[in-house]
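Peer 1: File coords38.cif below, mmCIF, C-alpha atoms:
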data_structure
#
loop_
_atom_site.label_atom_id
_atom_site.label_comp_id
_atom_site.auth_asym_id
_atom_site.auth_seq_id
_atom_site.Cartn_x
_atom_site.Cartn_y
_atom_site.Cartn_z
CA ASN A 4 -17.86 188.36 116.28
CA ALA A 5 -17.11 185.36 118.45
CA GLY A 6 -18.22 182.01 117.15
CA VAL A 7 -20.42 179.47 118.87
CA MET A 8 -18.89 178.78 122.27
CA GLN A 9 -19.29 175.46 124.00
CA ASN A 10 -18.01 174.54 127.42
CA PRO A 11 -16.52 172.55 128.82
CA ARG A 12 -14.50 171.03 125.98
CA HIS A 13 -14.08 167.84 127.94
CA LEU A 14 -16.31 166.55 130.70
CA VAL A 15 -15.72 163.41 132.72
CA ARG A 16 -18.51 161.99 134.83
CA ARG A 17 -19.05 158.78 136.77
CA ARG A 18 -22.13 156.70 136.15
CA GLY A 19 -25.14 158.18 137.90
CA GLN A 20 -23.86 161.75 137.98
CA GLU A 21 -25.31 164.69 136.09
CA ALA A 22 -23.74 166.33 133.07
CA ARG A 23 -24.43 169.94 132.05
CA LEU A 24 -23.25 171.12 128.66
CA ARG A 25 -23.36 174.80 127.79
CA CYS A 26 -23.67 176.55 124.46
CA SER A 27 -23.51 180.26 123.76
CA PRO A 28 -24.70 180.93 120.20
CA MET A 29 -23.17 183.52 117.95
CA LYS A 30 -24.23 187.08 118.68
CA GLY A 31 -27.59 187.79 117.10
CA HIS A 32 -28.49 184.12 116.70
CA SER A 33 -31.69 183.01 118.38
CA HIS A 34 -31.89 179.44 117.03
CA VAL A 35 -29.92 176.63 118.64
CA TYR A 36 -29.53 173.01 117.62
CA TRP A 37 -27.93 170.17 119.59
CA TYR A 38 -26.39 167.14 117.89
CA ARG A 39 -24.65 164.05 119.24
CA GLN A 40 -21.76 162.46 117.39
CA LEU A 41 -20.68 158.87 117.85
CA PRO A 42 -17.84 157.23 115.91
CA GLU A 43 -18.99 155.80 112.59
CA GLU A 44 -22.51 157.15 113.16
CA GLY A 45 -22.25 160.75 112.09
CA LEU A 46 -24.26 163.53 113.63
CA LYS A 47 -27.61 162.70 115.18
CA PHE A 48 -30.10 165.49 115.79
CA MET A 49 -31.30 165.86 119.35
CA VAL A 50 -33.19 169.10 119.87
CA TYR A 51 -33.95 172.47 118.25
CA LEU A 52 -34.69 175.50 120.41
CA GLN A 53 -35.45 179.15 120.08
CA LYS A 54 -35.27 181.59 122.95
CA GLU A 55 -37.45 180.19 125.75
CA ASN A 56 -39.03 177.59 123.47
CA ILE A 57 -38.36 174.01 122.50
CA ILE A 58 -39.35 173.73 118.86
CA ASP A 59 -38.46 170.13 118.10
CA GLU A 60 -37.11 167.53 120.51
CA SER A 61 -37.84 164.49 118.40
CA GLY A 62 -34.25 163.29 118.62
CA MET A 63 -33.96 163.56 122.37
CA PRO A 64 -34.19 160.42 124.50
CA LYS A 65 -37.41 160.53 126.52
CA GLU A 66 -35.71 160.02 129.85
CA ARG A 67 -32.76 161.70 131.56
CA PHE A 68 -32.17 164.27 128.82
CA SER A 69 -33.45 167.85 128.81
CA ALA A 70 -32.57 171.11 127.11
CA GLU A 71 -33.31 174.75 127.61
CA PHE A 72 -32.50 178.08 126.02
CA PRO A 73 -33.48 180.82 128.45
CA LYS A 74 -34.10 184.44 127.59
CA GLU A 75 -30.75 185.32 129.11
CA GLY A 76 -27.70 183.09 129.13
CA PRO A 77 -26.53 180.03 127.24
CA SER A 78 -28.43 177.02 126.08
CA ILE A 79 -28.01 174.05 128.42
CA LEU A 80 -28.16 170.36 127.57
CA ARG A 81 -28.63 168.40 130.76
CA ILE A 82 -28.13 164.67 131.15
CA GLN A 83 -29.18 163.16 134.44
CA GLN A 84 -27.87 159.88 135.85
CA VAL A 85 -25.38 159.40 133.04
CA VAL A 86 -24.57 155.93 131.73
CA ARG A 87 -21.59 154.75 129.70
CA GLY A 88 -23.67 154.87 126.51
CA ASP A 89 -23.95 158.64 126.89
CA SER A 90 -20.24 158.99 126.13
CA ALA A 91 -20.03 160.97 122.90
CA ALA A 92 -19.20 164.35 121.41
CA TYR A 93 -22.06 166.81 121.74
CA PHE A 94 -22.20 169.67 119.28
CA CYS A 95 -24.22 172.83 119.41
CA ALA A 96 -25.01 174.90 116.34
CA SER A 97 -26.77 178.20 115.87
CA SER A 98 -28.37 180.25 113.12
CA PRO A 99 -29.79 183.76 112.97
CA ILE A 100 -33.07 182.72 111.43
CA SER A 101 -34.94 179.57 110.64
CA ARG A 102 -34.93 179.09 106.89
CA GLU A 103 -34.43 176.02 104.78
CA GLY A 104 -31.35 177.32 102.97
CA GLU A 105 -29.74 178.73 106.07
CA LYS A 106 -26.43 177.23 107.15
CA LEU A 107 -25.55 176.34 110.71
CA PHE A 108 -22.57 177.62 112.68
CA PHE A 109 -21.09 174.93 114.90
CA GLY A 110 -19.20 175.05 118.16
CA SER A 111 -16.15 172.91 118.82
CA GLY A 112 -18.15 170.44 120.86
CA THR A 113 -18.07 168.92 124.33
CA GLN A 114 -16.56 165.46 124.66
CA LEU A 115 -18.42 163.64 127.42
CA SER A 116 -16.74 160.61 128.93
CA VAL A 117 -18.64 158.48 131.42
CA LEU A 118 -16.53 156.24 133.63
CA ALA B 14 -38.93 162.28 105.12
CA GLN B 15 -35.37 163.16 104.26
CA SER B 16 -32.20 161.11 104.45
CA VAL B 17 -28.62 161.13 103.25
CA THR B 18 -26.29 158.29 102.32
CA GLN B 19 -22.57 158.80 102.06
CA LEU B 20 -20.87 155.96 100.27
CA GLY B 21 -17.55 155.03 101.79
CA SER B 22 -16.67 155.83 105.38
CA HIS B 23 -13.04 156.34 104.33
CA VAL B 24 -11.55 157.65 101.09
CA SER B 25 -7.80 157.62 100.55
CA VAL B 26 -6.07 159.66 97.83
CA SER B 27 -2.57 160.78 96.99
CA GLU B 28 -1.62 164.43 97.20
CA GLY B 29 -2.46 166.03 93.86
CA ALA B 30 -5.05 163.43 92.91
CA LEU B 31 -8.74 163.99 92.28
CA VAL B 32 -11.01 163.95 95.32
CA LEU B 33 -14.50 162.49 94.92
CA LEU B 34 -16.79 162.08 97.94
CA ARG B 35 -20.21 160.63 97.22
CA CYS B 36 -23.54 161.73 98.62
CA ASN B 37 -27.02 160.54 97.70
CA TYR B 38 -30.15 161.95 99.24
CA SER B 39 -33.74 160.93 99.59
CA SER B 40 -36.43 163.58 99.56
CA SER B 41 -39.95 163.79 98.21
CA VAL B 42 -39.59 167.51 97.56
CA PRO B 43 -36.77 169.68 96.16
CA PRO B 44 -34.00 169.62 98.73
CA TYR B 45 -31.47 172.05 100.06
CA LEU B 46 -28.09 170.32 100.18
CA PHE B 47 -24.93 171.07 102.14
CA TRP B 48 -21.40 169.84 102.54
CA TYR B 49 -19.63 170.50 105.83
CA VAL B 50 -16.02 169.76 106.82
CA GLN B 51 -14.79 168.85 110.29
CA TYR B 52 -11.12 169.12 111.17
CA PRO B 53 -9.84 167.19 114.20
CA ASN B 54 -11.15 168.49 117.53
CA GLN B 55 -13.21 171.18 115.82
CA GLY B 56 -16.83 171.78 114.95
CA LEU B 57 -18.26 171.55 111.46
CA GLN B 58 -17.90 174.39 109.02
CA LEU B 59 -19.76 174.92 105.77
CA LEU B 60 -17.94 174.09 102.53
CA LEU B 61 -20.77 174.83 100.13
CA LYS B 62 -24.52 174.60 99.71
CA TYR B 63 -27.12 174.18 97.00
CA THR B 64 -30.43 176.00 97.35
CA THR B 65 -31.79 176.87 93.91
CA GLY B 66 -30.42 177.92 90.54
CA ALA B 67 -27.13 176.72 89.12
CA THR B 68 -26.61 173.04 89.83
CA LEU B 69 -22.80 173.29 89.98
CA VAL B 70 -21.88 174.92 93.25
CA LYS B 71 -18.42 176.19 94.11
CA GLY B 72 -17.25 176.33 97.69
CA ILE B 73 -14.21 177.19 99.75
CA ASN B 74 -10.75 175.61 99.38
CA GLY B 75 -11.32 174.65 95.75
CA PHE B 76 -14.19 172.23 96.39
CA GLU B 77 -17.31 172.03 94.26
CA ALA B 78 -20.41 169.87 94.07
CA GLU B 79 -23.03 169.21 91.45
CA PHE B 80 -26.71 168.69 92.19
CA LYS B 81 -28.10 165.97 89.92
CA LYS B 82 -31.80 165.56 90.46
CA SER B 83 -32.12 162.54 88.17
CA GLU B 84 -29.50 160.70 90.19
CA THR B 85 -30.50 162.20 93.58
CA SER B 86 -26.83 162.94 94.10
CA PHE B 87 -24.68 165.79 95.37
CA HIS B 88 -21.10 164.51 95.07
CA LEU B 89 -18.20 166.63 96.29
CA THR B 90 -15.09 167.01 94.15
CA LYS B 91 -11.74 168.74 94.13
CA PRO B 92 -9.32 168.47 91.20
CA SER B 93 -6.14 168.22 93.26
CA ALA B 94 -5.94 167.09 96.88
CA HIS B 95 -3.77 168.86 99.43
CA MET B 96 -2.50 167.41 102.68
CA SER B 97 -4.55 170.06 104.48
CA ASP B 98 -7.76 168.58 103.03
CA ALA B 99 -7.50 165.60 105.37
CA ALA B 100 -10.65 165.81 107.48
CA GLU B 101 -14.16 164.40 107.99
CA TYR B 102 -16.72 165.49 105.41
CA PHE B 103 -20.46 165.49 106.00
CA CYS B 104 -23.28 165.80 103.52
CA ALA B 105 -26.57 167.19 104.83
CA VAL B 106 -30.09 167.74 103.50
CA LYS B 107 -33.02 169.94 104.43
CA ALA B 108 -36.34 169.48 102.65
CA GLY B 109 -40.08 169.67 102.89
CA GLY B 110 -40.23 172.65 105.16
CA SER B 111 -37.95 171.07 107.74
CA TYR B 112 -35.59 173.48 109.45
CA ILE B 113 -33.49 170.66 110.82
CA PRO B 114 -30.71 169.33 108.60
CA THR B 115 -30.18 165.60 108.45
CA PHE B 116 -26.54 164.60 108.23
CA GLY B 117 -24.90 161.61 106.63
CA ARG B 118 -22.49 159.38 108.55
CA GLY B 119 -19.49 161.24 107.23
CA THR B 120 -16.53 160.32 105.04
CA SER B 121 -13.01 160.51 106.34
CA LEU B 122 -10.64 161.82 103.66
CA ILE B 123 -7.07 160.60 103.98
CA VAL B 124 -4.40 162.29 101.87
CA HIS B 125 -1.09 160.51 101.30
CA PRO B 126 2.09 162.42 100.39
#
Please express what this file holds, its structure, as structure tokens.
Peer 2:
Amino acid sequence: NAGVMQNPRHLVRRRGQEARLRCSPMKGHSHVYWYRQLPEEGLKFMVYLQKENIIDESGMPKERFSAEFPKEGPSILRIQQVVRGDSAAYFCASSPISREGEKLFFGSGTQLSVL
Amino acid sequence: AQSVTQLGSHVSVSEGALVLLRCNYSSSVPPYLFWYVQYPNQGLQLLLKYTTGATLVKGINGFEAEFKKSETSFHLTKPSAHMSDAAEYFCAVKAGGSYIPTFGRGTSLIVHP
């Protein structure tokens, strides 16, 4: 059973370009979480999705950021018109169900660098 | 509301010494608590978790943690550090019906030979 797959591992963009980060959850998992990691700041929650639904996007910046998890295919985190402050590691995690005691399975992350 | 505080962004120990990584949480209801480990260039993986029942929880790689409600703590320990334990450790909490874990800032464990 393959783990959570994220691609690309590294993504370099110039200011103003768009960044698309992909996450394929583990087989059988229908819950996806996106986190952003900055040095010395730990993991910050961005968005929680189920298939075709955004459940909680309280951690997502109101502008330029969007996420989706379609019925078929990976979850996508999209950042439009990137700025240098968007440079960070973005992690996706998945779980089979939504339950308080349930652990998350993490991907290896996408390191976004904005020049 | 739920939150986690990890005391000490860096902890340095000698190989064979006791490892103690501190975590305090804030929650108005009984929490679910987790410790995750992150090795360089990898995602997080679960070390152990507390849900209900026994307050001393044993995890992988010889780690354990004790839930102390009176102290709102969930410190991570290991009797004898190995070089391979060098990594970033994150404490996380879920509480009050939230399905979204809140993570602490992380503690970098450095192991000296």
Peer 1: Name every residue that the PyMOL selection byres ((chain A and resi 15) around 9) selects in this structure, writing the answer as JSON, numbers by chain with chains first and numbers rising.
Peer 2: {"A": [13, 14, 16, 17, 22, 114, 115, 116, 117, 118]}
Peer 1: Please produce an output containing C-alpha atoms for each residue in the selection, written as a PDB file, in the frame of the given file.
Peer 2:
ATOM      1  CA  HIS A  13     -14.080 167.840 127.940  1.00  0.00           C
ATOM      2  CA  LEU A  14     -16.310 166.550 130.700  1.00  0.00           C
ATOM      3  CA  ARG A  16     -18.510 161.990 134.830  1.00  0.00           C
ATOM      4  CA  ARG A  17     -19.050 158.780 136.770  1.00  0.00           C
ATOM      5  CA  ALA A  22     -23.740 166.330 133.070  1.00  0.00           C
ATOM      6  CA  GLN A 114     -16.560 165.460 124.660  1.00  0.00           C
ATOM      7  CA  LEU A 115     -18.420 163.640 127.420  1.00  0.00           C
ATOM      8  CA  SER A 116     -16.740 160.610 128.930  1.00  0.00           C
ATOM      9  CA  VAL A 117     -18.640 158.480 131.420  1.00  0.00           C
ATOM     10  CA  LEU A 118     -16.530 156.240 133.630  1.00  0.00           C
TER      11      LEU A 118
END
Peer 1: I need the residue nearest chain B from this list: A:Leu24, A:Ala91, A:Ile82, A:Ile100. Use all atoms listed in the file for the distance.
Peer 2: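 Looking at the shortest contact to chain B, the residue is A:Ile100.
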Peer 1: Counting only C-alpha atoms, what is within 10 Å of B:Val70, bar same-chain residues fewer than 3 positions away, as a list in words?
Peer 2: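 Listing them by chain and then by number gives Leu61, Lys62, Tyr63, Thr64, Gly66, Ala67, Phe76, Glu77, Ala78, Glu79, Phe80, Phe87 and Leu89 of chain B.
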Peer 1: Go ahead and write the residues just picked, C-alpha atoms, as a CSV table (one decimal), in the coordinates of the input.
Peer 2:
chain,number,residue,atom,x,y,z
B,61,LEU,CA,-20.8,174.8,100.1
B,62,LYS,CA,-24.5,174.6,99.7
B,63,TYR,CA,-27.1,174.2,97.0
B,64,THR,CA,-30.4,176.0,97.4
B,66,GLY,CA,-30.4,177.9,90.5
B,67,ALA,CA,-27.1,176.7,89.1
B,76,PHE,CA,-14.2,172.2,96.4
B,77,GLU,CA,-17.3,172.0,94.3
B,78,ALA,CA,-20.4,169.9,94.1
B,79,GLU,CA,-23.0,169.2,91.4
B,80,PHE,CA,-26.7,168.7,92.2
B,87,PHE,CA,-24.7,165.8,95.4
B,89,LEU,CA,-18.2,166.6,96.3
Peer 1: Taking all atoms listed in the file into account, name the residue in B:Lys71, B:Arg118, B:His125, B:His88 that is nearest to chain A.
Peer 2: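 Comparing B:Lys71, B:Arg118, B:His125, B:His88 against chain A, the winner is B:Arg118.
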Peer 1: Run through the PyMOL selection byres ((chain A) within 9 of (chain B)) on the given coordinates and return the selected residues as a list in words.
Peer 2: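 That expression, the PyMOL selection byres ((chain A) within 9 of (chain B)), corresponds here to Tyr36, Pro42, Glu43, Glu44, Gly45, Leu46, Lys47, Phe48, Tyr51, Asp59, Phe94, Cys95, Ala96, Ser101, Arg102, Glu103, Gly104, Glu105, Lys106, Leu107, Phe108, Phe109, Gly110, Ser111 and Gly112 of chain A.
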Peer 1: What does the file look like for those residues with C-alpha atoms, as a PDB file, in the frame of the given file?
Peer 2:
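Result went into out15.pdb, see below:
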ATOM      1  CA  TYR A  36     -29.530 173.010 117.620  1.00  0.00           C
ATOM      2  CA  PRO A  42     -17.840 157.230 115.910  1.00  0.00           C
ATOM      3  CA  GLU A  43     -18.990 155.800 112.590  1.00  0.00           C
ATOM      4  CA  GLU A  44     -22.510 157.150 113.160  1.00  0.00           C
ATOM      5  CA  GLY A  45     -22.250 160.750 112.090  1.00  0.00           C
ATOM      6  CA  LEU A  46     -24.260 163.530 113.630  1.00  0.00           C
ATOM      7  CA  LYS A  47     -27.610 162.700 115.180  1.00  0.00           C
ATOM      8  CA  PHE A  48     -30.100 165.490 115.790  1.00  0.00           C
ATOM      9  CA  TYR A  51     -33.950 172.470 118.250  1.00  0.00           C
ATOM     10  CA  ASP A  59     -38.460 170.130 118.100  1.00  0.00           C
ATOM     11  CA  PHE A  94     -22.200 169.670 119.280  1.00  0.00           C
ATOM     12  CA  CYS A  95     -24.220 172.830 119.410  1.00  0.00           C
ATOM     13  CA  ALA A  96     -25.010 174.900 116.340  1.00  0.00           C
ATOM     14  CA  SER A 101     -34.940 179.570 110.640  1.00  0.00           C
ATOM     15  CA  ARG A 102     -34.930 179.090 106.890  1.00  0.00           C
ATOM     16  CA  GLU A 103     -34.430 176.020 104.780  1.00  0.00           C
ATOM     17  CA  GLY A 104     -31.350 177.320 102.970  1.00  0.00           C
ATOM     18  CA  GLU A 105     -29.740 178.730 106.070  1.00  0.00           C
ATOM     19  CA  LYS A 106     -26.430 177.230 107.150  1.00  0.00           C
ATOM     20  CA  LEU A 107     -25.550 176.340 110.710  1.00  0.00           C
ATOM     21  CA  PHE A 108     -22.570 177.620 112.680  1.00  0.00           C
ATOM     22  CA  PHE A 109     -21.090 174.930 114.900  1.00  0.00           C
ATOM     23  CA  GLY A 110     -19.200 175.050 118.160  1.00  0.00           C
ATOM     24  CA  SER A 111     -16.150 172.910 118.820  1.00  0.00           C
ATOM     25  CA  GLY A 112     -18.150 170.440 120.860  1.00  0.00           C
TER      26      GLY A 112
END
Peer 1: Check the smallest atom-to-atom distance from each of A:Gln20, A:Ser27, A:Asn56, A:Ser61 to A:Asp89 using only C-alpha atoms, then report the winner.
Peer 2: A:Gln20
Peer 1: Can you tell me, as JSON, the centre and edge lengths (Å, one decimal) of the axis-aligned box enclosing all of stretch 112-117 of chain B's listed atoms after padding each side by 8 Å?
Peer 2:
{"center_x": -30.2, "center_y": 167.5, "center_z": 108.7, "size_x": 26.7, "size_y": 27.9, "size_z": 20.2}
Peer 1: If we count all atoms listed in the file and set the cut-off at 9 Å, which residues sit around A:Pro77, ignoring sequence neighbours fewer than 3 positions away in its own chain? Please answer as a PDB file with C-alpha atoms, in the frame of the given file.
Peer 2:
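Dumped to part21.pdb:
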ATOM      1  CA  ARG A  25     -23.360 174.800 127.790  1.00  0.00           C
ATOM      2  CA  CYS A  26     -23.670 176.550 124.460  1.00  0.00           C
ATOM      3  CA  SER A  27     -23.510 180.260 123.760  1.00  0.00           C
ATOM      4  CA  PRO A  28     -24.700 180.930 120.200  1.00  0.00           C
ATOM      5  CA  GLU A  71     -33.310 174.750 127.610  1.00  0.00           C
ATOM      6  CA  PHE A  72     -32.500 178.080 126.020  1.00  0.00           C
ATOM      7  CA  PRO A  73     -33.480 180.820 128.450  1.00  0.00           C
ATOM      8  CA  LYS A  74     -34.100 184.440 127.590  1.00  0.00           C
TER       9      LYS A  74
END
Peer 1: What gap, in Å, lies between atom CA of A:Ile79 and atom CA of A:Ala5?
Peer 2: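 Calculated distance between atom CA of A:Ile79 and atom CA of A:Ala5 is 18.6 Å.
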Peer 1: Quick one, how far is atom CA of B:Pro43 from atom CA of B:Gly72?
Peer 2: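 If I compute the distance from atom CA of B:Pro43 to atom CA of B:Gly72, I get 20.7 Å.
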